[in-house]
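S.K.: Please read through the structure below; I'll follow up with questions.
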Amino acid sequence: MPDTGYLIGAVVVSAAVTWGLRALPFALLARLRTSAVVTHLATVMPAGVMIILAAYCLRDLPRADRTGLLATLLGVTVTAGLHLWRRSALLSILGGTTTYILLANLLL
Amino acid sequence: MKEAFKTSLSVGLGLGPLGVAFGVLVVQAGLPWWWATVFTAVVYAGSFEFVLVGLVAAVAPLATVVTTALLVNVRHLFYALSFPLHRVRSRPGKVYSTFALTDEAYAMTTSDQAQQWPGRRIVGLQVFLHLYWVVGGTAGALLGSLIPDRVVGLDFALTALFVVLAVEAVHDVTTPVIALLAALTALLAFPQQMLLVAFVLFTLAMLTRRTVARA
């Protein structure tokens, strides 16, 4: 387990960066609003960031066994499919995760 | 306050259970349960907190934590463009309101029916959302120690969360393909620094695409 000092440090820097990103723009609002590059990045970053984060969660997939591979692929498919169909984040996450847990535990 | 509570309930239905999943993840990563309370109360950044648990469990350098926090939360920079902070009068209210400016708070307070909400209702809503997250996370961490280790796969909830957010954020074909290529390249070339390298590659690709399109 990581030691307490390290954990406190991680929490403090995380909170500082997050709050900074939320609060600072109100002070710099005028300049931000006129930057075309920033506005462009604002529109394309969310999609890319979320896909990269999803890929990061699946980074061990190439080394997974057949059960893990099947459970993961079906879990992702069910999640995305449910979301495209009903657009309810809770339903999609619950459905996808249940699918994954059932397959991963029952097929072992 | 009553109205703030009412509007908070629909989002709370999603935030509470997600908080529980987060709490479970914290104890599964080997941390004592109360770190779930600290994370949810002090960091309060939804999706980033899930990533943070993975980072601290692997004792990633603080520089990596800072960079990842910057990149995952950089979207918040743009919330200032439309969040109605001018309606929040008091200084402590303003400080808290910017601290608790999450995706959900932003989505709720910039919706059509929120155009006439006074500052009190906005801050009240944010307090309730924050509360759902902290209570959910703490409950999940306490329950998590009761879940047998044999049940694998609860952490898939995080993957599912990002898949959901990606489905909502994607509006064209090339952006997700470029993001996927950036992620794969980073995974193959720098597996230890995958997130950081992927974010940098993706940002550079987006800037290059824009420059080429304008040339």
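Chain labels A, B, ... are given in the sequence in which chains occur in the structure tokens; within each chain residues are numbered consecutively from 1, and ligands are likewise numbered from 1 in the order shown.
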Excluding Trp35 of chain B and any residue of its chain fewer than 3 positions from it, enumerate the residues within 9 Å of it, using only C-alpha atoms, and give them as an MDAnalysis selection string.

M.R.: (chainID A and resid 7) or (chainID B and resid 23 26:27 31:32 38:40 138 141)

S.K.: Compute the set of chain B residues within 6 Å of chain A, using only C-alpha atoms, and express it as a list in words.

M.R.: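 That gives the following set of residues: Gly14, Val43, His76, Leu77, Ala80, Thr98, Phe99, Gly153, Phe156, Ala157, Thr159, Ala160, Phe162, Ala166, Ala169, Val170, Pro176, Ala179 and Ala183 of chain B.
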
S.K.: Using the chain letters and numbers from this document, which residues of segment 12-184 of chain B does DSSP assign to helix (DSSP H, G or I), as an mmCIF file with N, CA and C atoms, in the first residue's frame?

M.R.:
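Output file states24.cif is given in full below:
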data_model
loop_
_atom_site.group_PDB
_atom_site.id
_atom_site.type_symbol
_atom_site.label_atom_id
_atom_site.label_comp_id
_atom_site.auth_asym_id
_atom_site.auth_seq_id
_atom_site.Cartn_x
_atom_site.Cartn_y
_atom_site.Cartn_z
ATOM 1 N N GLY B 12 -28.733 12.649 -8.837
ATOM 2 C CA GLY B 12 -28.317 11.851 -7.690
ATOM 3 C C GLY B 12 -28.504 10.369 -7.920
ATOM 4 N N LEU B 13 -29.543 10.012 -8.675
ATOM 5 C CA LEU B 13 -29.798 8.606 -9.013
ATOM 6 C C LEU B 13 -28.611 7.986 -9.734
ATOM 7 N N GLY B 14 -27.916 8.805 -10.517
ATOM 8 C CA GLY B 14 -26.742 8.297 -11.212
ATOM 9 C C GLY B 14 -25.490 8.440 -10.375
ATOM 10 N N LEU B 15 -25.365 9.597 -9.681
ATOM 11 C CA LEU B 15 -24.146 9.886 -8.917
ATOM 12 C C LEU B 15 -23.955 8.942 -7.734
ATOM 13 N N GLY B 16 -25.050 8.666 -7.002
ATOM 14 C CA GLY B 16 -24.958 7.804 -5.822
ATOM 15 C C GLY B 16 -24.358 6.443 -6.137
ATOM 16 N N PRO B 17 -25.011 5.677 -7.038
ATOM 17 C CA PRO B 17 -24.478 4.353 -7.384
ATOM 18 C C PRO B 17 -23.065 4.393 -7.954
ATOM 19 N N LEU B 18 -22.761 5.437 -8.736
ATOM 20 C CA LEU B 18 -21.413 5.544 -9.295
ATOM 21 C C LEU B 18 -20.412 5.769 -8.162
ATOM 22 N N GLY B 19 -20.845 6.564 -7.144
ATOM 23 C CA GLY B 19 -20.014 6.777 -5.963
ATOM 24 C C GLY B 19 -19.759 5.470 -5.238
ATOM 25 N N VAL B 20 -20.798 4.632 -5.134
ATOM 26 C CA VAL B 20 -20.647 3.317 -4.495
ATOM 27 C C VAL B 20 -19.594 2.499 -5.236
ATOM 28 N N ALA B 21 -19.694 2.490 -6.577
ATOM 29 C CA ALA B 21 -18.710 1.757 -7.387
ATOM 30 C C ALA B 21 -17.306 2.290 -7.126
ATOM 31 N N PHE B 22 -17.205 3.614 -6.981
ATOM 32 C CA PHE B 22 -15.898 4.222 -6.713
ATOM 33 C C PHE B 22 -15.351 3.767 -5.368
ATOM 34 N N GLY B 23 -16.233 3.773 -4.340
ATOM 35 C CA GLY B 23 -15.809 3.352 -3.005
ATOM 36 C C GLY B 23 -15.301 1.920 -2.990
ATOM 37 N N VAL B 24 -16.022 1.040 -3.697
ATOM 38 C CA VAL B 24 -15.608 -0.362 -3.792
ATOM 39 C C VAL B 24 -14.208 -0.450 -4.412
ATOM 40 N N LEU B 25 -14.001 0.355 -5.462
ATOM 41 C CA LEU B 25 -12.714 0.345 -6.163
ATOM 42 C C LEU B 25 -11.579 0.762 -5.230
ATOM 43 N N VAL B 26 -11.845 1.749 -4.366
ATOM 44 C CA VAL B 26 -10.823 2.248 -3.437
ATOM 45 C C VAL B 26 -10.344 1.131 -2.515
ATOM 46 N N VAL B 27 -11.296 0.370 -1.918
ATOM 47 C CA VAL B 27 -10.845 -0.691 -1.006
ATOM 48 C C VAL B 27 -10.249 -1.867 -1.773
ATOM 49 N N GLN B 28 -10.747 -2.106 -3.004
ATOM 50 C CA GLN B 28 -10.168 -3.189 -3.810
ATOM 51 C C GLN B 28 -8.729 -2.871 -4.211
ATOM 52 N N TRP B 34 -11.587 5.012 4.521
ATOM 53 C CA TRP B 34 -11.806 6.455 4.655
ATOM 54 C C TRP B 34 -11.105 7.278 3.579
ATOM 55 N N TRP B 35 -10.196 6.644 2.830
ATOM 56 C CA TRP B 35 -9.617 7.385 1.700
ATOM 57 C C TRP B 35 -10.678 7.666 0.639
ATOM 58 N N ALA B 36 -11.706 6.811 0.591
ATOM 59 C CA ALA B 36 -12.815 7.071 -0.339
ATOM 60 C C ALA B 36 -13.515 8.369 0.036
ATOM 61 N N THR B 37 -13.695 8.612 1.346
ATOM 62 C CA THR B 37 -14.310 9.849 1.811
ATOM 63 C C THR B 37 -13.424 11.048 1.464
ATOM 64 N N VAL B 38 -12.114 10.903 1.715
ATOM 65 C CA VAL B 38 -11.184 12.004 1.436
ATOM 66 C C VAL B 38 -11.183 12.335 -0.063
ATOM 67 N N PHE B 39 -11.059 11.299 -0.896
ATOM 68 C CA PHE B 39 -11.025 11.510 -2.348
ATOM 69 C C PHE B 39 -12.301 12.218 -2.826
ATOM 70 N N THR B 40 -13.472 11.666 -2.440
ATOM 71 C CA THR B 40 -14.730 12.210 -2.952
ATOM 72 C C THR B 40 -14.985 13.617 -2.431
ATOM 73 N N ALA B 41 -14.571 13.908 -1.170
ATOM 74 C CA ALA B 41 -14.833 15.228 -0.601
ATOM 75 C C ALA B 41 -13.846 16.275 -1.097
ATOM 76 N N VAL B 42 -12.560 15.924 -1.156
ATOM 77 C CA VAL B 42 -11.529 16.925 -1.425
ATOM 78 C C VAL B 42 -11.182 17.061 -2.910
ATOM 79 N N VAL B 43 -11.045 15.933 -3.598
ATOM 80 C CA VAL B 43 -10.675 16.025 -5.021
ATOM 81 C C VAL B 43 -11.931 16.328 -5.850
ATOM 82 N N GLY B 46 -15.153 13.303 -10.181
ATOM 83 C CA GLY B 46 -15.752 12.146 -10.844
ATOM 84 C C GLY B 46 -14.800 11.211 -11.551
ATOM 85 N N SER B 47 -14.789 11.305 -12.892
ATOM 86 C CA SER B 47 -14.027 10.345 -13.672
ATOM 87 C C SER B 47 -12.542 10.361 -13.319
ATOM 88 N N PHE B 48 -11.993 11.542 -13.013
ATOM 89 C CA PHE B 48 -10.564 11.588 -12.696
ATOM 90 C C PHE B 48 -10.241 10.801 -11.437
ATOM 91 N N GLU B 49 -11.193 10.774 -10.476
ATOM 92 C CA GLU B 49 -10.938 10.040 -9.237
ATOM 93 C C GLU B 49 -10.748 8.545 -9.495
ATOM 94 N N PHE B 50 -11.503 8.009 -10.446
ATOM 95 C CA PHE B 50 -11.328 6.602 -10.816
ATOM 96 C C PHE B 50 -9.902 6.369 -11.320
ATOM 97 N N VAL B 51 -9.442 7.279 -12.169
ATOM 98 C CA VAL B 51 -8.089 7.157 -12.705
ATOM 99 C C VAL B 51 -7.068 7.323 -11.580
ATOM 100 N N LEU B 52 -7.354 8.254 -10.673
ATOM 101 C CA LEU B 52 -6.438 8.546 -9.563
ATOM 102 C C LEU B 52 -6.209 7.312 -8.687
ATOM 103 N N VAL B 53 -7.257 6.537 -8.446
ATOM 104 C CA VAL B 53 -7.105 5.325 -7.630
ATOM 105 C C VAL B 53 -6.085 4.394 -8.273
ATOM 106 N N GLY B 54 -6.194 4.205 -9.592
ATOM 107 C CA GLY B 54 -5.242 3.362 -10.311
ATOM 108 C C GLY B 54 -3.827 3.911 -10.207
ATOM 109 N N LEU B 55 -3.707 5.233 -10.322
ATOM 110 C CA LEU B 55 -2.384 5.865 -10.274
ATOM 111 C C LEU B 55 -1.735 5.709 -8.904
ATOM 112 N N VAL B 56 -2.500 5.987 -7.822
ATOM 113 C CA VAL B 56 -1.885 5.904 -6.493
ATOM 114 C C VAL B 56 -1.643 4.451 -6.088
ATOM 115 N N ALA B 57 -2.492 3.522 -6.571
ATOM 116 C CA ALA B 57 -2.274 2.107 -6.261
ATOM 117 C C ALA B 57 -0.946 1.655 -6.858
ATOM 118 N N LEU B 62 4.177 11.905 -8.553
ATOM 119 C CA LEU B 62 3.226 13.007 -8.431
ATOM 120 C C LEU B 62 3.163 13.826 -9.716
ATOM 121 N N ALA B 63 4.276 13.897 -10.453
ATOM 122 C CA ALA B 63 4.262 14.632 -11.726
ATOM 123 C C ALA B 63 3.262 14.005 -12.685
ATOM 124 N N THR B 64 3.187 12.660 -12.672
ATOM 125 C CA THR B 64 2.214 11.974 -13.527
ATOM 126 C C THR B 64 0.798 12.280 -13.058
ATOM 127 N N VAL B 65 0.599 12.327 -11.722
ATOM 128 C CA VAL B 65 -0.718 12.657 -11.176
ATOM 129 C C VAL B 65 -1.144 14.052 -11.641
ATOM 130 N N VAL B 66 -0.216 15.016 -11.546
ATOM 131 C CA VAL B 66 -0.519 16.397 -11.955
ATOM 132 C C VAL B 66 -0.870 16.451 -13.443
ATOM 133 N N THR B 67 -0.029 15.824 -14.270
ATOM 134 C CA THR B 67 -0.254 15.862 -15.721
ATOM 135 C C THR B 67 -1.585 15.219 -16.079
ATOM 136 N N THR B 68 -1.870 14.061 -15.459
ATOM 137 C CA THR B 68 -3.121 13.365 -15.771
ATOM 138 C C THR B 68 -4.321 14.198 -15.312
ATOM 139 N N ALA B 69 -4.213 14.804 -14.106
ATOM 140 C CA ALA B 69 -5.294 15.664 -13.615
ATOM 141 C C ALA B 69 -5.543 16.808 -14.592
ATOM 142 N N LEU B 70 -4.441 17.407 -15.081
ATOM 143 C CA LEU B 70 -4.561 18.517 -16.040
ATOM 144 C C LEU B 70 -5.289 18.066 -17.293
ATOM 145 N N LEU B 71 -4.873 16.909 -17.831
ATOM 146 C CA LEU B 71 -5.414 16.486 -19.121
ATOM 147 C C LEU B 71 -6.842 15.972 -19.003
ATOM 148 N N VAL B 72 -7.118 15.219 -17.925
ATOM 149 C CA VAL B 72 -8.474 14.679 -17.782
ATOM 150 C C VAL B 72 -9.467 15.796 -17.469
ATOM 151 N N ASN B 73 -9.011 16.816 -16.714
ATOM 152 C CA ASN B 73 -9.936 17.857 -16.281
ATOM 153 C C ASN B 73 -9.879 19.131 -17.106
ATOM 154 N N VAL B 74 -9.062 19.126 -18.163
ATOM 155 C CA VAL B 74 -8.872 20.360 -18.934
ATOM 156 C C VAL B 74 -10.191 20.855 -19.529
ATOM 157 N N ARG B 75 -11.139 19.938 -19.698
ATOM 158 C CA ARG B 75 -12.426 20.341 -20.254
ATOM 159 C C ARG B 75 -13.125 21.366 -19.376
ATOM 160 N N HIS B 76 -12.814 21.358 -18.055
ATOM 161 C CA HIS B 76 -13.466 22.292 -17.141
ATOM 162 C C HIS B 76 -13.152 23.743 -17.470
ATOM 163 N N LEU B 77 -11.990 23.991 -18.123
ATOM 164 C CA LEU B 77 -11.612 25.350 -18.518
ATOM 165 C C LEU B 77 -12.748 26.033 -19.268
ATOM 166 N N PHE B 78 -13.489 25.244 -20.018
ATOM 167 C CA PHE B 78 -14.451 25.833 -20.942
ATOM 168 C C PHE B 78 -15.822 26.018 -20.316
ATOM 169 N N TYR B 79 -15.995 25.458 -19.122
ATOM 170 C CA TYR B 79 -17.278 25.610 -18.442
ATOM 171 C C TYR B 79 -17.498 27.055 -18.014
ATOM 172 N N ALA B 80 -16.398 27.777 -17.765
ATOM 173 C CA ALA B 80 -16.504 29.166 -17.323
ATOM 174 C C ALA B 80 -17.220 30.032 -18.358
ATOM 175 N N LEU B 81 -17.172 29.612 -19.607
ATOM 176 C CA LEU B 81 -17.775 30.419 -20.676
ATOM 177 C C LEU B 81 -19.282 30.562 -20.495
ATOM 178 N N LEU B 85 -21.913 31.950 -12.820
ATOM 179 C CA LEU B 85 -21.290 32.302 -11.537
ATOM 180 C C LEU B 85 -21.682 33.707 -11.077
ATOM 181 N N HIS B 86 -22.020 34.589 -12.035
ATOM 182 C CA HIS B 86 -22.368 35.981 -11.676
ATOM 183 C C HIS B 86 -23.621 36.045 -10.801
ATOM 184 N N ARG B 87 -24.438 34.963 -10.824
ATOM 185 C CA ARG B 87 -25.647 34.976 -10.004
ATOM 186 C C ARG B 87 -25.360 34.578 -8.557
ATOM 187 N N ARG B 91 -18.861 35.730 -1.543
ATOM 188 C CA ARG B 91 -17.531 35.280 -1.914
ATOM 189 C C ARG B 91 -17.307 33.796 -1.596
ATOM 190 N N PRO B 92 -17.667 33.344 -0.363
ATOM 191 C CA PRO B 92 -17.524 31.899 -0.094
ATOM 192 C C PRO B 92 -18.352 31.064 -1.076
ATOM 193 N N GLY B 93 -19.536 31.581 -1.422
ATOM 194 C CA GLY B 93 -20.386 30.893 -2.393
ATOM 195 C C GLY B 93 -19.688 30.741 -3.730
ATOM 196 N N LYS B 94 -19.030 31.805 -4.170
ATOM 197 C CA LYS B 94 -18.319 31.780 -5.450
ATOM 198 C C LYS B 94 -17.160 30.787 -5.402
ATOM 199 N N VAL B 95 -16.425 30.794 -4.276
ATOM 200 C CA VAL B 95 -15.281 29.886 -4.133
ATOM 201 C C VAL B 95 -15.763 28.435 -4.200
ATOM 202 N N TYR B 96 -16.823 28.127 -3.437
ATOM 203 C CA TYR B 96 -17.329 26.754 -3.440
ATOM 204 C C TYR B 96 -17.897 26.379 -4.806
ATOM 205 N N SER B 97 -18.607 27.322 -5.401
ATOM 206 C CA SER B 97 -19.257 27.056 -6.676
ATOM 207 C C SER B 97 -18.247 26.675 -7.766
ATOM 208 N N THR B 98 -17.079 27.338 -7.771
ATOM 209 C CA THR B 98 -16.068 26.983 -8.775
ATOM 210 C C THR B 98 -15.419 25.647 -8.401
ATOM 211 N N PHE B 99 -15.247 25.404 -7.097
ATOM 212 C CA PHE B 99 -14.652 24.133 -6.646
ATOM 213 C C PHE B 99 -15.542 22.952 -7.054
ATOM 214 N N ASP B 103 -19.036 18.161 -14.130
ATOM 215 C CA ASP B 103 -19.793 17.995 -15.381
ATOM 216 C C ASP B 103 -21.288 18.068 -15.111
ATOM 217 N N GLU B 104 -21.720 17.367 -14.048
ATOM 218 C CA GLU B 104 -23.150 17.289 -13.741
ATOM 219 C C GLU B 104 -23.692 18.649 -13.326
ATOM 220 N N ALA B 105 -22.923 19.365 -12.455
ATOM 221 C CA ALA B 105 -23.352 20.690 -12.006
ATOM 222 C C ALA B 105 -23.453 21.638 -13.199
ATOM 223 N N TYR B 106 -22.475 21.565 -14.094
ATOM 224 C CA TYR B 106 -22.477 22.412 -15.283
ATOM 225 C C TYR B 106 -23.685 22.095 -16.158
ATOM 226 N N ALA B 107 -23.919 20.810 -16.375
ATOM 227 C CA ALA B 107 -25.025 20.396 -17.237
ATOM 228 C C ALA B 107 -26.369 20.879 -16.674
ATOM 229 N N MET B 108 -26.540 20.753 -15.341
ATOM 230 C CA MET B 108 -27.812 21.140 -14.730
ATOM 231 C C MET B 108 -28.025 22.646 -14.741
ATOM 232 N N THR B 109 -26.983 23.421 -14.411
ATOM 233 C CA THR B 109 -27.162 24.864 -14.230
ATOM 234 C C THR B 109 -27.162 25.645 -15.536
ATOM 235 N N ASP B 112 -32.003 24.812 -20.027
ATOM 236 C CA ASP B 112 -33.017 25.829 -20.318
ATOM 237 C C ASP B 112 -33.808 26.236 -19.078
ATOM 238 N N GLN B 113 -34.224 25.226 -18.282
ATOM 239 C CA GLN B 113 -35.080 25.558 -17.140
ATOM 240 C C GLN B 113 -34.310 26.213 -15.998
ATOM 241 N N ALA B 114 -32.955 26.271 -16.115
ATOM 242 C CA ALA B 114 -32.167 26.843 -15.033
ATOM 243 C C ALA B 114 -31.856 28.324 -15.256
ATOM 244 N N GLY B 119 -28.673 32.455 -7.274
ATOM 245 C CA GLY B 119 -27.416 31.866 -6.820
ATOM 246 C C GLY B 119 -27.584 30.810 -5.748
ATOM 247 N N ARG B 120 -28.513 31.051 -4.815
ATOM 248 C CA ARG B 120 -28.720 30.097 -3.711
ATOM 249 C C ARG B 120 -29.105 28.725 -4.233
ATOM 250 N N ARG B 121 -29.963 28.723 -5.243
ATOM 251 C CA ARG B 121 -30.419 27.443 -5.789
ATOM 252 C C ARG B 121 -29.274 26.713 -6.503
ATOM 253 N N ILE B 122 -28.430 27.498 -7.173
ATOM 254 C CA ILE B 122 -27.288 26.900 -7.879
ATOM 255 C C ILE B 122 -26.320 26.257 -6.885
ATOM 256 N N VAL B 123 -25.927 27.026 -5.853
ATOM 257 C CA VAL B 123 -24.991 26.502 -4.854
ATOM 258 C C VAL B 123 -25.630 25.335 -4.092
ATOM 259 N N GLY B 124 -26.934 25.479 -3.762
ATOM 260 C CA GLY B 124 -27.640 24.397 -3.064
ATOM 261 C C GLY B 124 -27.588 23.100 -3.845
ATOM 262 N N LEU B 125 -27.849 23.198 -5.145
ATOM 263 C CA LEU B 125 -27.793 22.017 -6.006
ATOM 264 C C LEU B 125 -26.394 21.394 -5.967
ATOM 265 N N GLN B 126 -25.370 22.243 -6.033
ATOM 266 C CA GLN B 126 -23.993 21.739 -6.019
ATOM 267 C C GLN B 126 -23.669 21.016 -4.717
ATOM 268 N N VAL B 127 -24.187 21.568 -3.582
ATOM 269 C CA VAL B 127 -23.953 20.925 -2.289
ATOM 270 C C VAL B 127 -24.574 19.525 -2.270
ATOM 271 N N PHE B 128 -25.803 19.407 -2.784
ATOM 272 C CA PHE B 128 -26.463 18.093 -2.791
ATOM 273 C C PHE B 128 -25.706 17.098 -3.675
ATOM 274 N N LEU B 129 -25.280 17.532 -4.845
ATOM 275 C CA LEU B 129 -24.542 16.626 -5.736
ATOM 276 C C LEU B 129 -23.258 16.147 -5.057
ATOM 277 N N HIS B 130 -22.563 17.087 -4.411
ATOM 278 C CA HIS B 130 -21.321 16.768 -3.706
ATOM 279 C C HIS B 130 -21.598 15.716 -2.620
ATOM 280 N N LEU B 131 -22.712 15.928 -1.902
ATOM 281 C CA LEU B 131 -23.107 15.031 -0.815
ATOM 282 C C LEU B 131 -23.378 13.610 -1.325
ATOM 283 N N TYR B 132 -24.116 13.485 -2.427
ATOM 284 C CA TYR B 132 -24.410 12.159 -2.995
ATOM 285 C C TYR B 132 -23.113 11.425 -3.294
ATOM 286 N N TRP B 133 -22.166 12.180 -3.840
ATOM 287 C CA TRP B 133 -20.893 11.581 -4.254
ATOM 288 C C TRP B 133 -20.094 11.096 -3.044
ATOM 289 N N VAL B 134 -20.014 11.944 -1.996
ATOM 290 C CA VAL B 134 -19.252 11.580 -0.798
ATOM 291 C C VAL B 134 -19.920 10.414 -0.063
ATOM 292 N N VAL B 135 -21.244 10.498 0.119
ATOM 293 C CA VAL B 135 -21.964 9.434 0.826
ATOM 294 C C VAL B 135 -21.886 8.124 0.036
ATOM 295 N N GLY B 136 -22.093 8.196 -1.277
ATOM 296 C CA GLY B 136 -21.997 7.006 -2.126
ATOM 297 C C GLY B 136 -20.617 6.373 -2.039
ATOM 298 N N GLY B 137 -19.578 7.202 -2.153
ATOM 299 C CA GLY B 137 -18.205 6.696 -2.117
ATOM 300 C C GLY B 137 -17.886 6.031 -0.787
ATOM 301 N N THR B 138 -18.291 6.689 0.313
ATOM 302 C CA THR B 138 -18.020 6.143 1.641
ATOM 303 C C THR B 138 -18.766 4.825 1.849
ATOM 304 N N ALA B 139 -20.056 4.811 1.457
ATOM 305 C CA ALA B 139 -20.846 3.581 1.597
ATOM 306 C C ALA B 139 -20.236 2.449 0.783
ATOM 307 N N GLY B 140 -19.820 2.758 -0.440
ATOM 308 C CA GLY B 140 -19.211 1.743 -1.307
ATOM 309 C C GLY B 140 -17.947 1.170 -0.702
ATOM 310 N N ALA B 141 -17.141 2.040 -0.093
ATOM 311 C CA ALA B 141 -15.886 1.578 0.500
ATOM 312 C C ALA B 141 -16.166 0.676 1.703
ATOM 313 N N LEU B 142 -17.188 1.053 2.511
ATOM 314 C CA LEU B 142 -17.534 0.230 3.681
ATOM 315 C C LEU B 142 -18.119 -1.109 3.236
ATOM 316 N N LEU B 143 -18.996 -1.074 2.216
ATOM 317 C CA LEU B 143 -19.577 -2.312 1.687
ATOM 318 C C LEU B 143 -18.527 -3.150 0.986
ATOM 319 N N GLY B 144 -17.592 -2.463 0.324
ATOM 320 C CA GLY B 144 -16.602 -3.139 -0.517
ATOM 321 C C GLY B 144 -15.773 -4.134 0.256
ATOM 322 N N PHE B 156 -14.910 -2.949 -13.818
ATOM 323 C CA PHE B 156 -15.360 -2.726 -15.193
ATOM 324 C C PHE B 156 -16.292 -1.520 -15.270
ATOM 325 N N ALA B 157 -16.913 -1.145 -14.134
ATOM 326 C CA ALA B 157 -17.804 0.021 -14.109
ATOM 327 C C ALA B 157 -17.087 1.269 -14.627
ATOM 328 N N LEU B 158 -15.785 1.359 -14.355
ATOM 329 C CA LEU B 158 -15.013 2.505 -14.837
ATOM 330 C C LEU B 158 -14.898 2.496 -16.360
ATOM 331 N N THR B 159 -14.541 1.319 -16.909
ATOM 332 C CA THR B 159 -14.475 1.186 -18.357
ATOM 333 C C THR B 159 -15.820 1.569 -18.965
ATOM 334 N N ALA B 160 -16.913 1.051 -18.351
ATOM 335 C CA ALA B 160 -18.251 1.342 -18.862
ATOM 336 C C ALA B 160 -18.539 2.835 -18.811
ATOM 337 N N LEU B 161 -18.106 3.501 -17.719
ATOM 338 C CA LEU B 161 -18.323 4.949 -17.598
ATOM 339 C C LEU B 161 -17.668 5.698 -18.756
ATOM 340 N N PHE B 162 -16.425 5.348 -19.079
ATOM 341 C CA PHE B 162 -15.731 6.057 -20.150
ATOM 342 C C PHE B 162 -16.326 5.717 -21.518
ATOM 343 N N VAL B 163 -16.804 4.486 -21.681
ATOM 344 C CA VAL B 163 -17.462 4.129 -22.940
ATOM 345 C C VAL B 163 -18.712 5.004 -23.114
ATOM 346 N N VAL B 164 -19.481 5.159 -22.027
ATOM 347 C CA VAL B 164 -20.686 5.998 -22.062
ATOM 348 C C VAL B 164 -20.329 7.451 -22.401
ATOM 349 N N LEU B 165 -19.318 7.995 -21.705
ATOM 350 C CA LEU B 165 -18.934 9.386 -21.944
ATOM 351 C C LEU B 165 -18.399 9.565 -23.364
ATOM 352 N N ALA B 166 -17.693 8.542 -23.876
ATOM 353 C CA ALA B 166 -17.175 8.612 -25.240
ATOM 354 C C ALA B 166 -18.324 8.614 -26.241
ATOM 355 N N VAL B 167 -19.316 7.733 -26.032
ATOM 356 C CA VAL B 167 -20.472 7.676 -26.938
ATOM 357 C C VAL B 167 -21.155 9.047 -26.992
ATOM 358 N N GLU B 168 -21.230 9.718 -25.812
ATOM 359 C CA GLU B 168 -21.891 11.017 -25.773
ATOM 360 C C GLU B 168 -21.064 12.118 -26.419
ATOM 361 N N ALA B 169 -19.739 11.996 -26.339
ATOM 362 C CA ALA B 169 -18.881 13.088 -26.798
ATOM 363 C C ALA B 169 -18.551 13.013 -28.288
ATOM 364 N N THR B 174 -13.403 10.913 -37.651
ATOM 365 C CA THR B 174 -11.935 10.947 -37.594
ATOM 366 C C THR B 174 -11.392 11.187 -36.190
ATOM 367 N N THR B 175 -12.070 12.031 -35.382
ATOM 368 C CA THR B 175 -11.547 12.325 -34.037
ATOM 369 C C THR B 175 -11.388 11.055 -33.193
ATOM 370 N N PRO B 176 -12.423 10.190 -33.084
ATOM 371 C CA PRO B 176 -12.228 8.965 -32.292
ATOM 372 C C PRO B 176 -11.174 8.026 -32.885
ATOM 373 N N VAL B 177 -11.073 7.981 -34.215
ATOM 374 C CA VAL B 177 -10.055 7.117 -34.829
ATOM 375 C C VAL B 177 -8.656 7.608 -34.461
ATOM 376 N N ILE B 178 -8.458 8.935 -34.539
ATOM 377 C CA ILE B 178 -7.152 9.500 -34.172
ATOM 378 C C ILE B 178 -6.858 9.228 -32.694
ATOM 379 N N ALA B 179 -7.875 9.369 -31.836
ATOM 380 C CA ALA B 179 -7.687 9.118 -30.399
ATOM 381 C C ALA B 179 -7.279 7.667 -30.148
ATOM 382 N N LEU B 180 -7.928 6.752 -30.866
ATOM 383 C CA LEU B 180 -7.627 5.330 -30.733
ATOM 384 C C LEU B 180 -6.202 5.027 -31.190
ATOM 385 N N LEU B 181 -5.801 5.640 -32.315
ATOM 386 C CA LEU B 181 -4.434 5.452 -32.823
ATOM 387 C C LEU B 181 -3.416 5.997 -31.823
ATOM 388 N N ALA B 182 -3.717 7.163 -31.237
ATOM 389 C CA ALA B 182 -2.814 7.755 -30.240
ATOM 390 C C ALA B 182 -2.669 6.812 -29.052
ATOM 391 N N ALA B 183 -3.806 6.238 -28.596
ATOM 392 C CA ALA B 183 -3.783 5.327 -27.453
ATOM 393 C C ALA B 183 -2.961 4.079 -27.765
ATOM 394 N N LEU B 184 -3.162 3.490 -28.964
ATOM 395 C CA LEU B 184 -2.436 2.276 -29.353
ATOM 396 C C LEU B 184 -0.945 2.538 -29.484
#
